[in-house]
Amino acid sequence: MVGTDRINDIWGARTPFAAGEVWPQRQDEHLIDGIGHDDVEKWVRGACLLCSNGCGVEVAVAGGRMVGIRGRAEDRVNHGRLGPKGLYGWQGEQHDRLTAPLIRRDGELVETDWETAMSAIVDRSRTLLETKGPLSHGFYTSGQLMIEEYYTLAVIGKAGIGTPHMDGNTRLCTATASAAFQESFGSDGQPGSYTDIDLCDTIFLFGHNVAETQTVLWSRMLDRLDGPNPPRLVCVDPRRTKVAERATVHLPIRNGTNLALMNALVHEIIAAGAVDRTYVDAHTIGFDELEKMTKDATAEWAAEICGVAASDIKKAAEIFATSERVVSTCSMGFYQSHQATAASCQVNNMHLLRGMVGRPGAGILQMNGQPSAENNREAGCGAALPGFRNWSNPAHVDELATLWNVDPLVIPHWKPPTDAMTLFRYAEEGSIGFLWIAGTNPAVSMPDLARIRATLAGDQCFVVVSDGYLTETAALADVVLPTALWAEKTGSYTNVDRTVHLQEKAVDPPGQARSDLDIWIDYARRLDLHDKDGHPLPAWNTPEAAFAGWQECSAGRLCDYTGLSYGQLHEVGGIQWPVTAQAPDGTERLYGDGRFATHADFCETYGHDLTTGTPVTRTQYLADHPDGRAVLKTAPYQEAFETPDDEYPLRLTTGRTVYHFHTRTKTKRAAPLQEAAPSMWVEVSQVDAAARGIHEGDIVRVTSRRGSIEAPARVSHVRDGVVFAPWHYGGDALTAANELTLTAWDPVSKQPEFKVAAIRLQKVRDGDGPAPAPLLTASAPVEEV
Ligand SMILES: Nc1nc2c(c(=O)[nH]1)N[C@H]1C(S)=C(S)[C@@H](COP(=O)(O)OP(=O)(O)OC[C@H]3O[C@@H](n4cnc5c(=O)[nH]c(N)nc54)[C@H](O)[C@@H]3O)O[C@H]1N2
Ligand SMILES: Nc1nc2c(c(=O)[nH]1)N[C@H]1C(S)=C(S)[C@@H](COP(=O)(O)OP(=O)(O)OC[C@H]3O[C@@H](n4cnc5c(=O)[nH]c(N)nc54)[C@H](O)[C@@H]3O)O[C@H]1N2
Ligand code: SF4
Ligand SMILES: [Mo]
C-alpha cells in the first residue's frame, strides 16, 4: 500500500497556519496493494463524491481499472488532503455491482435486457399519462448525481411531462439550508467561502459534527486551532464530539431544543448592545419584530429547556458579541428537527445583527451534506424551479417557458412543488402510480421504515430504481436499472461553498450499466417528449451539451454558470459560482455589498410564517419592502412533536460515523472502512446505562412507537437522557435507526425530524465484548475497552 493511513490517523498530520496565511498543501494519496507510481497509466481529474466538501482529486487508472487516488494539491477546497472515505470509499465501487437491468416476473427480480426494461417503463408511463395525466408520475432523486443529469430530469419532468411531484433526498439533507437562505436572503445560495476559515477569529458549529462528516474541513479548522492566534470555537451538540473536545464552549443541549437556545443567543446579543445598528438599519428589515419575539428568551429560560448552564449560554453569546469575524455552520443537528428553518434563520440573524455577512472571515455556511445536493437545488430537479426561480412568480415561469419553448401551463406552478414526504404519501395511497427513484435508498434512509417498505412493495405504485447496486430499495422495485457511478461518467458537482468541479470519466462502467443521463435521455426519446415546435426535449444527448443547456438556464440568476467551461474546470480544479463575463474566475463571497436577493421580482420565495409554514403573499411581501434588504425573522420555541413520557422516557437522536457513508452501499464494500465500523451499535450515557444495568457491549433493545432495533450498547459521552444511533446499518436484521424515527417534518423546509423521537431502552442480554463502535470519534467509550 502506497500512501496514507486515514483509518487510524483520520485527520492526518497538522500543518498549522495563522489567520490570513494560505492553508499549507499536504497531498494525501492511496494506491492499492501491488501498484506503484510507475504502474499508473493516467491520473484523471475530478472531485470526491462522498460528502459535500468536494475535495479535488485525481484518480489513478491502470489496465482500465481504478487503482488509486490522490488529493489535488492546487485545489482550493482541500489543498491536497483526503479523508477516510475519500481515500478508500471508491474501492466499494469495484464489488457487487449491478451489470444488467432487472425486471419483476412472478414476484421475483430477474435479469433482462435494456430493451425489455425500458419498454416496460415507457409502457407503464405512457398508459398512466394517457389515463391519469402527469400527476400520476413521481421522481425521487438524489444529492449524488451530476448537474447535467439533474437538469436533464428537471426538463423532462417540468417541461416534458409536467408533474409537480419531483423531489430529491436533499429534502432529508439540506432542504433547511435552502429554506433558511430563502427566508433570510431571498434566495438559496451560500454567502460564505471556505477561505473564511483561514481568516476568522471565531467558529460556531451548530449541530455539525464536522470532525467526522467533513474531515478535510475539520483539518482546516484544526490547523487554525493549532496555529498562532487560534479562533475561539463554540459547539452545540448533545454529544461530546471531537469538535466539542476542542471547544471554548460546548453546549450539549437536549436534542430538539435548538430554537430555544437560538432565541436566547439572539436575546443576549441584543441585550448586550452588540447590534451593529448602522448595518441593521441599512441592510435588513424585521428588527423590531425579532426583538419582540426574543424579549423573554433569556439565557436562564433557555437553560431550563435545553438542559445546559445559563452561564454557558451567556458565554457563547458574549463570544459572538465580541468577535469581528465569525464563521458559523449549521448542519443536521439543526436541519433534521421540528423548528429547523426558524433555528437556522436565527444563525443567519446573528450574523446580520453583527454585520457579518459576505465579509472576509465572517461567513455563514449553512451546510450541504451530499456532494451535489447543491446542484439538485440549483437545477430544480427537486421541489423547486431551476435557477432558484420562484414558482409563484408568473414572470419566472414565463422565462422558463420561453427557454424551453413550451406552454407555461405545462410547467407545474399551480401549486407548491411536492416535497419528498408528501410524494411518498401519494405513492402510498396510489395517486402516484409511477415512481422513479434514482441515486437514493429510501428503504433505509427515510423515517418510519415499515411504512416505506410497504409503500415500495405494494401494487398501488410501479417503482423504478436506478442504482449501482441491488440496494434494499432496489430489491422492492418493479424494474431496476444498473447505473454508472462517479468516475465512470463525466459531469459536474458543486460543493457547500459554491465550488464547481468537473469529474472526468476515468473508467468504463461494469457490464451493461449506463449513466443516469443516458437513461433519462433514452426515456424522453421513447416517450417522444418535445417542445411546441416538435423539437426533442431535452435538446441534448451529451454531458457537455447538457451543461451548456444548464448554463443558459442559469444566466442572470444567483447561480450563474455562464462564464464556466469544462476546459477551465479541467485546468483550475474547483471554481466558485457565479462565474460570468464580469467574474470569469468565479466569486468568493455573496452579499459583501449588503444587497441581498430579496427584490420581489428576483427572489426565490416571498417567505413563510416560520411557525406554521403559511406562505407570505406577494402583496404582503411588497408591503414590507425588503427590496434588497435581508429579512430578520424567527418563531417562538415549541416542544418537539414527540417528547419523553413514562412509556418512552428517553430521547433518540441519530447521525453518522466517520467511516461510513449513509446506507453504506459503497463503504461497506470498501474493506478498510467496513472493518473500522462493521455493524450496528447504539450510544448510551453512563447514567442511563447504569440505571438499566447495561454495560459496554451488552445487547439492548431500543423501542419507539414505530418499531424496535437490537444492537450492542456503547457507553459513550452522549448527554444523559439521550440515546444516539448511527443510521447506516440497513439490511435484513432490523438494525436501521429509521425503524424508530417518525413521519413529521419542519413546516417550512419539510425536512423530516430524524433527530428527535421518544424511545424506551432495555437490556436484552449480556454482551461478549465491547460494542463494534469506533474508538477515535464521538463514539469513544467512557471507559477504556
Ligand atoms: N462520515 C460521513 N460523512 C458524511 C456523511 C456520512 O454519511 N458519513 N454524510 C454526508 C451528508 S449527506 C450529510 S447531510 C452530512 C451530515 O453531517 P452532520 O450534520 O455533521 O452529521 P450528523 O451526524 O447527522 O449530525 C451532526 C450532529 O448533530 C448532533 N445532534 C443530534 N441531535 C441534535 C439536536 O437536536 N441539536 C443539535 N444541536 N445537535 C444535534 C449529533 O450528535 C451529531 O453529532 O455529512 C456528510 N458527510
Ligand atoms: N435516521 C436518519 N436518517 C437519515 C439521516 C439521519 O441523519 N438520520 N440523514 C438523511 C440524509 S442527510 C441523507 S443525505 C439521506 C441519504 O440517504 P440515501 O440517499 O438513501 O443514502 P445513500 O446510501 O447515499 O444512497 C444513495 C444511493 O445512490 C446510489 N448511487 C450513487 N451514485 C449514483 C449514481 O451516480 N447514479 C445512481 N443512479 N445511483 C447512484 C448509491 O449506490 C446508493 O444506493 O439519508 C437521510 N436519512
Ligand atoms: S472530506 Fe468529503 S469530499 Fe473530502 S475526502 Fe472526505 S468524504 Fe471526500
Ligand atoms: Mo445528507
# chains A, B, ... in the order shown; residues from 1 in each chain; ligands from 1
call {"tool": "residues_near_ligand", "arguments": {"ligand": "ligand 1", "cutoff": "7 Å", "atoms": "only C-alpha atoms and all ligand atoms", "output": "MDAnalysis selection string"}}
result
chainID A and resid 50:52 173:174 206:210 212:214 236:239 241 253:258 331:334 337 368:370 653:662 755:756
call {"tool": "write_last_selection", "arguments": {"atoms": "N, CA and C atoms", "output": "short mmCIF file (atom, residue, chain, number, x, y, z; two decimals), in the first residue's frame"}}
result
data_model
loop_
_atom_site.label_atom_id
_atom_site.label_comp_id
_atom_site.auth_asym_id
_atom_site.auth_seq_id
_atom_site.Cartn_x
_atom_site.Cartn_y
_atom_site.Cartn_z
N LEU A 50 -18.00 11.72 -1.77
CA LEU A 50 -18.53 11.07 -0.57
C LEU A 50 -18.86 12.04 0.55
N CYS A 51 -18.89 13.32 0.25
CA CYS A 51 -19.56 14.30 1.09
C CYS A 51 -19.54 15.63 0.37
N SER A 52 -20.19 16.62 0.94
CA SER A 52 -20.36 17.92 0.30
C SER A 52 -19.11 18.77 0.31
N CYS A 173 -31.88 16.23 3.76
CA CYS A 173 -30.46 16.57 3.91
C CYS A 173 -30.27 18.07 4.07
N THR A 174 -30.57 18.82 3.02
CA THR A 174 -30.22 20.24 3.06
C THR A 174 -31.39 21.13 2.69
N PHE A 206 -23.12 24.58 14.75
CA PHE A 206 -24.46 24.28 15.27
C PHE A 206 -24.95 22.93 14.75
N GLY A 207 -24.92 21.91 15.60
CA GLY A 207 -25.42 20.60 15.18
C GLY A 207 -24.64 20.03 14.02
N HIS A 208 -23.35 20.21 14.05
CA HIS A 208 -22.49 19.82 12.94
C HIS A 208 -21.26 19.11 13.48
N ASN A 209 -21.17 17.82 13.22
CA ASN A 209 -20.02 17.04 13.67
C ASN A 209 -18.98 17.03 12.55
N VAL A 210 -18.45 18.19 12.25
CA VAL A 210 -17.57 18.35 11.09
C VAL A 210 -16.36 17.43 11.16
N GLU A 212 -16.21 14.41 11.80
CA GLU A 212 -16.47 13.11 11.19
C GLU A 212 -17.15 13.21 9.83
N THR A 213 -17.81 14.32 9.58
CA THR A 213 -18.62 14.36 8.37
C THR A 213 -18.03 15.23 7.26
N GLN A 214 -17.07 16.05 7.57
CA GLN A 214 -16.30 16.78 6.55
C GLN A 214 -14.87 16.81 7.08
N VAL A 236 -22.40 23.26 19.49
CA VAL A 236 -23.72 22.94 20.02
C VAL A 236 -24.08 21.53 19.57
N ASP A 237 -23.97 20.58 20.46
CA ASP A 237 -24.19 19.17 20.10
C ASP A 237 -24.40 18.36 21.38
N PRO A 238 -25.46 17.52 21.43
CA PRO A 238 -25.70 16.75 22.65
C PRO A 238 -24.64 15.70 22.95
N ARG A 239 -23.73 15.49 22.02
CA ARG A 239 -22.65 14.52 22.26
C ARG A 239 -21.32 15.23 22.40
N THR A 241 -18.47 15.37 20.90
CA THR A 241 -17.77 15.03 19.66
C THR A 241 -16.32 15.48 19.76
N ILE A 253 -26.79 20.59 24.42
CA ILE A 253 -28.23 20.77 24.66
C ILE A 253 -29.01 19.49 24.39
N ARG A 254 -30.19 19.41 25.01
CA ARG A 254 -31.11 18.32 24.69
C ARG A 254 -31.46 18.39 23.21
N ASN A 255 -31.49 17.24 22.54
CA ASN A 255 -31.91 17.29 21.15
C ASN A 255 -33.36 17.76 21.08
N GLY A 256 -33.64 18.54 20.03
CA GLY A 256 -35.00 19.07 19.85
C GLY A 256 -35.24 20.40 20.55
N THR A 257 -34.17 21.05 21.04
CA THR A 257 -34.38 22.34 21.74
C THR A 257 -33.57 23.48 21.10
N ASN A 258 -33.17 23.29 19.86
CA ASN A 258 -32.30 24.29 19.21
C ASN A 258 -32.87 25.70 19.23
N SER A 331 -25.75 22.28 10.61
CA SER A 331 -25.92 21.03 9.86
C SER A 331 -27.07 20.22 10.44
N MET A 332 -27.02 18.90 10.32
CA MET A 332 -28.21 18.08 10.54
C MET A 332 -28.79 18.16 11.96
N GLY A 333 -27.92 18.44 12.94
CA GLY A 333 -28.45 18.61 14.28
C GLY A 333 -29.48 19.74 14.34
N PHE A 334 -29.36 20.68 13.40
CA PHE A 334 -30.34 21.77 13.30
C PHE A 334 -31.41 21.46 12.24
N SER A 337 -35.01 18.62 12.36
CA SER A 337 -35.67 18.88 13.61
C SER A 337 -36.97 19.63 13.35
N ASN A 368 -24.24 21.81 3.26
CA ASN A 368 -24.82 20.73 2.48
C ASN A 368 -24.21 19.45 3.02
N GLY A 369 -24.82 18.35 2.75
CA GLY A 369 -24.26 17.08 3.19
C GLY A 369 -23.73 16.29 2.04
N GLN A 370 -24.61 16.08 1.07
CA GLN A 370 -24.23 15.26 -0.06
C GLN A 370 -23.42 16.07 -1.06
N THR A 653 -31.63 10.32 19.22
CA THR A 653 -31.15 11.09 18.08
C THR A 653 -30.30 10.17 17.22
N THR A 654 -30.12 10.54 15.96
CA THR A 654 -29.41 9.67 15.02
C THR A 654 -28.37 10.49 14.28
N GLY A 655 -27.41 9.80 13.68
CA GLY A 655 -26.38 10.53 12.94
C GLY A 655 -25.36 9.59 12.35
N ARG A 656 -24.15 10.12 12.17
CA ARG A 656 -23.15 9.44 11.34
C ARG A 656 -21.90 9.07 12.11
N THR A 657 -21.15 8.15 11.52
CA THR A 657 -19.80 7.91 11.97
C THR A 657 -18.85 8.18 10.82
N VAL A 658 -17.61 8.45 11.17
CA VAL A 658 -16.65 8.92 10.16
C VAL A 658 -16.41 7.90 9.05
N TYR A 659 -16.50 6.60 9.37
CA TYR A 659 -16.06 5.59 8.40
C TYR A 659 -17.12 5.19 7.39
N HIS A 660 -18.38 5.54 7.62
CA HIS A 660 -19.40 5.10 6.68
C HIS A 660 -20.12 6.27 6.04
N PHE A 661 -20.61 6.00 4.81
CA PHE A 661 -21.44 6.96 4.11
C PHE A 661 -22.85 6.37 4.04
N HIS A 662 -23.77 7.02 4.75
CA HIS A 662 -25.20 6.71 4.60
C HIS A 662 -25.51 5.22 4.73
N LYS A 755 -33.84 13.74 14.12
CA LYS A 755 -33.03 13.97 15.31
C LYS A 755 -33.85 14.05 16.60
N VAL A 756 -35.16 13.78 16.51
CA VAL A 756 -35.96 13.81 17.75
C VAL A 756 -37.08 12.77 17.73
#
call {"tool": "residues_near_ligand", "arguments": {"ligand": "ligand 3", "cutoff": "10 Å", "atoms": "only C-alpha atoms and all ligand atoms", "output": "count of residues only"}}
result
48
call {"tool": "select_by_dssp", "arguments": {"residues": "region 370-435 of chain A", "states": "alpha helix (DSSP H)", "output": "number ranges by chain"}}
result
A: 373-379, 394-404, 420-429
call {"tool": "residues_around", "arguments": {"residues": "Tyr469 (chain A)", "least_positions_apart": "6", "cutoff": "10 Å", "atoms": "only C-alpha atoms", "output": "PDB file with N, CA, C and O atoms, in the first residue's frame"}}
result
ATOM      1  N   GLU A  93     -16.780   0.575  -5.155  1.00  0.00           N
ATOM      2  CA  GLU A  93     -17.432   0.574  -6.480  1.00  0.00           C
ATOM      3  C   GLU A  93     -16.980  -0.598  -7.328  1.00  0.00           C
ATOM      4  O   GLU A  93     -17.500  -0.814  -8.417  1.00  0.00           O
ATOM      5  N   HIS A  95     -17.051  -3.782  -6.350  1.00  0.00           N
ATOM      6  CA  HIS A  95     -17.625  -5.051  -5.880  1.00  0.00           C
ATOM      7  C   HIS A  95     -19.141  -5.047  -5.982  1.00  0.00           C
ATOM      8  O   HIS A  95     -19.772  -4.017  -5.767  1.00  0.00           O
ATOM      9  N   ASP A  96     -19.709  -6.227  -6.266  1.00  0.00           N
ATOM     10  CA  ASP A  96     -21.171  -6.454  -6.213  1.00  0.00           C
ATOM     11  C   ASP A  96     -21.977  -5.499  -7.058  1.00  0.00           C
ATOM     12  O   ASP A  96     -23.109  -5.166  -6.696  1.00  0.00           O
ATOM     13  N   ARG A  97     -21.468  -5.052  -8.158  1.00  0.00           N
ATOM     14  CA  ARG A  97     -22.221  -4.072  -8.949  1.00  0.00           C
ATOM     15  C   ARG A  97     -23.312  -4.734  -9.785  1.00  0.00           C
ATOM     16  O   ARG A  97     -23.184  -5.883 -10.196  1.00  0.00           O
ATOM     17  N   LEU A  98     -24.361  -3.989 -10.005  1.00  0.00           N
ATOM     18  CA  LEU A  98     -25.390  -4.407 -10.956  1.00  0.00           C
ATOM     19  C   LEU A  98     -24.805  -4.265 -12.360  1.00  0.00           C
ATOM     20  O   LEU A  98     -24.263  -3.209 -12.699  1.00  0.00           O
ATOM     21  N   THR A  99     -24.942  -5.309 -13.166  1.00  0.00           N
ATOM     22  CA  THR A  99     -24.364  -5.251 -14.509  1.00  0.00           C
ATOM     23  C   THR A  99     -25.412  -5.404 -15.602  1.00  0.00           C
ATOM     24  O   THR A  99     -25.099  -5.261 -16.774  1.00  0.00           O
ATOM     25  N   ALA A 475     -34.398  -3.897  -4.216  1.00  0.00           N
ATOM     26  CA  ALA A 475     -34.979  -5.231  -4.001  1.00  0.00           C
ATOM     27  C   ALA A 475     -36.508  -5.189  -3.980  1.00  0.00           C
ATOM     28  O   ALA A 475     -37.156  -6.211  -4.180  1.00  0.00           O
ATOM     29  N   VAL A 480     -35.284  -2.543 -12.143  1.00  0.00           N
ATOM     30  CA  VAL A 480     -34.039  -1.991 -11.595  1.00  0.00           C
ATOM     31  C   VAL A 480     -33.081  -1.748 -12.754  1.00  0.00           C
ATOM     32  O   VAL A 480     -32.860  -2.639 -13.580  1.00  0.00           O
ATOM     33  N   LEU A 481     -32.526  -0.530 -12.818  1.00  0.00           N
ATOM     34  CA  LEU A 481     -31.606  -0.183 -13.903  1.00  0.00           C
ATOM     35  C   LEU A 481     -30.194  -0.022 -13.342  1.00  0.00           C
ATOM     36  O   LEU A 481     -29.983   0.727 -12.380  1.00  0.00           O
ATOM     37  N   PRO A 482     -29.211  -0.702 -13.926  1.00  0.00           N
ATOM     38  CA  PRO A 482     -27.829  -0.617 -13.433  1.00  0.00           C
ATOM     39  C   PRO A 482     -27.181   0.670 -13.924  1.00  0.00           C
ATOM     40  O   PRO A 482     -27.186   0.953 -15.130  1.00  0.00           O
ATOM     41  N   THR A 483     -26.647   1.446 -13.015  1.00  0.00           N
ATOM     42  CA  THR A 483     -26.097   2.735 -13.443  1.00  0.00           C
ATOM     43  C   THR A 483     -24.590   2.818 -13.249  1.00  0.00           C
ATOM     44  O   THR A 483     -24.006   2.149 -12.394  1.00  0.00           O
ATOM     45  N   LEU A 485     -21.412   4.852 -11.916  1.00  0.00           N
ATOM     46  CA  LEU A 485     -21.199   5.668 -10.725  1.00  0.00           C
ATOM     47  C   LEU A 485     -20.015   6.610 -10.948  1.00  0.00           C
ATOM     48  O   LEU A 485     -19.059   6.262 -11.646  1.00  0.00           O
ATOM     49  N   THR A 665     -23.760   1.686   0.783  1.00  0.00           N
ATOM     50  CA  THR A 665     -23.661   0.895  -0.453  1.00  0.00           C
ATOM     51  C   THR A 665     -22.212   0.830  -0.931  1.00  0.00           C
ATOM     52  O   THR A 665     -21.781  -0.204  -1.420  1.00  0.00           O
ATOM     53  N   LYS A 666     -21.472   1.930  -0.769  1.00  0.00           N
ATOM     54  CA  LYS A 666     -20.061   1.893  -1.169  1.00  0.00           C
ATOM     55  C   LYS A 666     -19.156   1.495  -0.005  1.00  0.00           C
ATOM     56  O   LYS A 666     -18.270   0.667  -0.150  1.00  0.00           O
TER      57      LYS A 666
END
call {"tool": "residues_around", "arguments": {"residues": "Ala524 (chain A)", "least_positions_apart": "5", "cutoff": "9 Å", "atoms": "only C-alpha atoms", "output": "PyMOL selection string"}}
result
chain A and resi 156+160+519+529-530+536-538
call {"tool": "write_last_selection", "arguments": {"atoms": "N, CA and C atoms", "output": "compact mmCIF listing (two decimals), in the first residue's frame"}}
result
# COMPACT_ATOMS: atom_id res chain seq x y z
N ILE A 156 -37.23 17.12 -18.33
CA ILE A 156 -38.16 16.02 -18.63
C ILE A 156 -39.41 16.14 -17.76
N GLY A 160 -41.47 18.50 -20.06
CA GLY A 160 -41.98 17.43 -20.89
C GLY A 160 -43.25 16.81 -20.32
N ILE A 519 -29.76 7.23 -19.56
CA ILE A 519 -31.03 6.54 -19.29
C ILE A 519 -32.19 7.52 -19.44
N LEU A 529 -41.00 13.12 -25.96
CA LEU A 529 -41.23 14.45 -25.36
C LEU A 529 -40.66 15.50 -26.32
N HIS A 530 -41.45 16.56 -26.54
CA HIS A 530 -40.96 17.58 -27.47
C HIS A 530 -41.52 18.96 -27.10
N PRO A 536 -37.07 17.76 -30.06
CA PRO A 536 -36.99 16.87 -28.89
C PRO A 536 -36.64 17.63 -27.61
N LEU A 537 -37.24 17.21 -26.52
CA LEU A 537 -36.94 17.72 -25.19
C LEU A 537 -36.39 16.56 -24.37
N PRO A 538 -35.29 16.75 -23.69
CA PRO A 538 -34.33 17.84 -23.78
C PRO A 538 -33.63 17.82 -25.14
call {"tool": "atom_distance", "arguments": {"atom1": "CA of Arg246 (chain A)", "atom2": "CA of Arg232 (chain A)"}}
result
9.4 Å
call {"tool": "closest_residue", "arguments": {"among": "A:Pro134, A:Gly143, A:Gly439, A:Gly12", "to": "ligand 4", "atoms": "only C-alpha atoms and all ligand atoms"}}
result
A:Gly143
call {"tool": "closest_residue", "arguments": {"among": "A:Glu753, A:Asp201, A:Glu428, A:Asp624", "to": "ligand 2", "atoms": "only C-alpha atoms and all ligand atoms"}}
result
A:Glu753
call {"tool": "atom_distance", "arguments": {"atom1": "atom 1 (Mo, counted along the ligand's line) of ligand 4", "atom2": "CA of Leu233 (chain A)"}}
result
23.7 Å
call {"tool": "residues_around", "arguments": {"residues": "Trp745 (chain A)", "least_positions_apart": "2", "cutoff": "10 Å", "atoms": "only C-alpha atoms", "output": "list of chain:residue names"}}
result
A:Leu172, A:Tyr335, A:Gln336, A:Ser337, A:His338, A:Gln339, A:Ala340, A:Met421, A:Phe641, A:Leu742, A:Thr743, A:Pro747, A:Val748, A:Ser749, A:Lys750, A:Gln751, A:Pro752, A:Glu753, A:Phe754
call {"tool": "write_last_selection", "arguments": {"atoms": "all heavy atoms", "output": "short mmCIF file (atom, residue, chain, number, x, y, z; two decimals), in the first residue's frame"}}
result
data_model
loop_
_atom_site.label_atom_id
_atom_site.label_comp_id
_atom_site.auth_asym_id
_atom_site.auth_seq_id
_atom_site.Cartn_x
_atom_site.Cartn_y
_atom_site.Cartn_z
N LEU A 172 -34.20 15.37 2.81
CA LEU A 172 -33.80 14.80 4.10
C LEU A 172 -32.50 15.43 4.58
O LEU A 172 -32.05 15.15 5.68
CB LEU A 172 -33.60 13.28 3.98
CG LEU A 172 -34.57 12.48 3.11
CD1 LEU A 172 -34.19 11.00 3.15
CD2 LEU A 172 -36.00 12.64 3.59
N TYR A 335 -31.00 20.89 11.12
CA TYR A 335 -31.91 20.77 9.98
C TYR A 335 -32.95 19.67 10.15
O TYR A 335 -34.04 19.76 9.58
CB TYR A 335 -31.14 20.48 8.69
CG TYR A 335 -30.16 21.55 8.26
CD1 TYR A 335 -29.18 21.26 7.31
CD2 TYR A 335 -30.22 22.84 8.75
CE1 TYR A 335 -28.29 22.23 6.88
CE2 TYR A 335 -29.32 23.80 8.34
CZ TYR A 335 -28.36 23.49 7.41
OH TYR A 335 -27.46 24.44 6.98
N GLN A 336 -32.58 18.59 10.85
CA GLN A 336 -33.50 17.43 10.93
C GLN A 336 -34.30 17.50 12.21
O GLN A 336 -34.30 16.58 13.03
CB GLN A 336 -32.70 16.13 10.84
CG GLN A 336 -31.98 16.00 9.51
CD GLN A 336 -31.02 14.85 9.44
OE1 GLN A 336 -30.51 14.39 10.46
NE2 GLN A 336 -30.75 14.37 8.23
N SER A 337 -35.01 18.62 12.36
CA SER A 337 -35.67 18.88 13.61
C SER A 337 -36.97 19.63 13.35
O SER A 337 -37.21 20.07 12.23
CB SER A 337 -34.73 19.69 14.50
OG SER A 337 -34.98 19.41 15.85
N HIS A 338 -37.77 19.82 14.40
CA HIS A 338 -39.12 20.34 14.16
C HIS A 338 -39.17 21.83 13.87
O HIS A 338 -40.04 22.28 13.17
CB HIS A 338 -40.03 19.97 15.31
CG HIS A 338 -39.61 20.57 16.61
ND1 HIS A 338 -38.40 20.28 17.19
CD2 HIS A 338 -40.23 21.43 17.44
CE1 HIS A 338 -38.30 20.95 18.32
NE2 HIS A 338 -39.39 21.66 18.50
N GLN A 339 -38.28 22.64 14.39
CA GLN A 339 -38.29 24.06 14.05
C GLN A 339 -36.99 24.40 13.34
O GLN A 339 -36.30 25.37 13.65
CB GLN A 339 -38.49 24.90 15.31
CG GLN A 339 -39.88 24.68 15.91
CD GLN A 339 -40.14 25.61 17.09
OE1 GLN A 339 -39.42 25.52 18.09
NE2 GLN A 339 -41.14 26.47 16.97
N ALA A 340 -36.71 23.59 12.36
CA ALA A 340 -35.40 23.63 11.70
C ALA A 340 -35.15 24.96 11.01
O ALA A 340 -34.09 25.57 11.18
CB ALA A 340 -35.33 22.49 10.69
N MET A 421 -41.71 13.97 1.42
CA MET A 421 -42.57 13.29 2.39
C MET A 421 -43.99 13.16 1.84
O MET A 421 -44.65 12.13 1.97
CB MET A 421 -42.59 14.05 3.72
CG MET A 421 -41.23 14.20 4.37
SD MET A 421 -40.41 12.64 4.70
CE MET A 421 -41.45 12.00 5.99
N PHE A 641 -42.56 17.35 18.52
CA PHE A 641 -43.80 16.59 18.42
C PHE A 641 -43.80 15.44 19.42
O PHE A 641 -44.80 15.17 20.08
CB PHE A 641 -43.93 16.06 16.99
CG PHE A 641 -45.17 15.28 16.75
CD1 PHE A 641 -46.40 15.91 16.70
CD2 PHE A 641 -45.11 13.90 16.57
CE1 PHE A 641 -47.56 15.19 16.47
CE2 PHE A 641 -46.26 13.17 16.34
CZ PHE A 641 -47.49 13.82 16.30
N LEU A 742 -39.80 9.04 13.14
CA LEU A 742 -41.22 9.29 12.90
C LEU A 742 -41.48 10.13 11.65
O LEU A 742 -40.60 10.82 11.16
CB LEU A 742 -41.86 9.96 14.12
CG LEU A 742 -41.52 11.41 14.46
CD1 LEU A 742 -42.55 11.95 15.43
CD2 LEU A 742 -40.15 11.49 15.08
N THR A 743 -42.70 10.05 11.16
CA THR A 743 -43.13 10.82 10.00
C THR A 743 -43.61 12.18 10.48
O THR A 743 -44.77 12.36 10.84
CB THR A 743 -44.26 10.08 9.27
OG1 THR A 743 -43.79 8.77 8.93
CG2 THR A 743 -44.66 10.80 7.99
N PRO A 747 -42.27 22.71 9.20
CA PRO A 747 -43.36 23.22 8.35
C PRO A 747 -42.88 24.05 7.16
O PRO A 747 -43.61 24.18 6.19
CB PRO A 747 -44.17 24.11 9.31
CG PRO A 747 -43.25 24.43 10.42
CD PRO A 747 -42.32 23.26 10.56
N VAL A 748 -41.70 24.59 7.21
CA VAL A 748 -41.23 25.43 6.11
C VAL A 748 -40.37 24.62 5.13
O VAL A 748 -40.66 24.55 3.94
CB VAL A 748 -40.44 26.65 6.63
CG1 VAL A 748 -39.98 27.53 5.47
CG2 VAL A 748 -41.29 27.45 7.60
N SER A 749 -39.34 23.98 5.64
CA SER A 749 -38.44 23.24 4.74
C SER A 749 -38.96 21.85 4.42
O SER A 749 -38.48 21.22 3.48
CB SER A 749 -37.05 23.11 5.37
OG SER A 749 -37.09 22.25 6.50
N LYS A 750 -39.91 21.34 5.19
CA LYS A 750 -40.46 19.99 5.03
C LYS A 750 -39.39 18.92 5.26
O LYS A 750 -39.50 17.80 4.77
CB LYS A 750 -41.10 19.80 3.65
CG LYS A 750 -42.05 20.90 3.22
CD LYS A 750 -43.39 20.77 3.92
CE LYS A 750 -44.24 22.02 3.85
NZ LYS A 750 -44.57 22.51 2.53
N GLN A 751 -38.35 19.27 5.98
CA GLN A 751 -37.31 18.29 6.27
C GLN A 751 -37.72 17.42 7.45
O GLN A 751 -38.17 17.93 8.48
CB GLN A 751 -35.98 19.00 6.57
CG GLN A 751 -34.83 18.03 6.74
CD GLN A 751 -33.48 18.66 6.47
OE1 GLN A 751 -33.38 19.79 6.00
NE2 GLN A 751 -32.45 17.90 6.77
N PRO A 752 -37.62 16.09 7.30
CA PRO A 752 -38.08 15.21 8.38
C PRO A 752 -37.23 15.27 9.65
O PRO A 752 -36.04 15.59 9.61
CB PRO A 752 -38.02 13.81 7.77
CG PRO A 752 -37.32 13.91 6.49
CD PRO A 752 -37.20 15.35 6.11
N GLU A 753 -37.87 14.92 10.76
CA GLU A 753 -37.26 15.07 12.09
C GLU A 753 -36.47 13.83 12.51
O GLU A 753 -36.89 13.09 13.40
CB GLU A 753 -38.37 15.31 13.12
CG GLU A 753 -39.19 16.55 12.83
CD GLU A 753 -40.27 16.79 13.89
OE1 GLU A 753 -40.25 16.14 14.95
OE2 GLU A 753 -41.13 17.63 13.62
N PHE A 754 -35.34 13.58 11.85
CA PHE A 754 -34.55 12.41 12.21
C PHE A 754 -33.87 12.55 13.57
O PHE A 754 -33.33 11.60 14.09
CB PHE A 754 -33.45 12.19 11.18
CG PHE A 754 -33.94 11.76 9.83
CD1 PHE A 754 -33.76 12.57 8.72
CD2 PHE A 754 -34.55 10.53 9.66
CE1 PHE A 754 -34.17 12.16 7.47
CE2 PHE A 754 -34.98 10.11 8.41
CZ PHE A 754 -34.78 10.93 7.30
#
call {"tool": "closest_residue", "arguments": {"among": "A:Thr278, A:Thr777, A:Ser515, A:Thr176", "to": "ligand 2", "atoms": "only C-alpha atoms and all ligand atoms"}}
result
A:Ser515
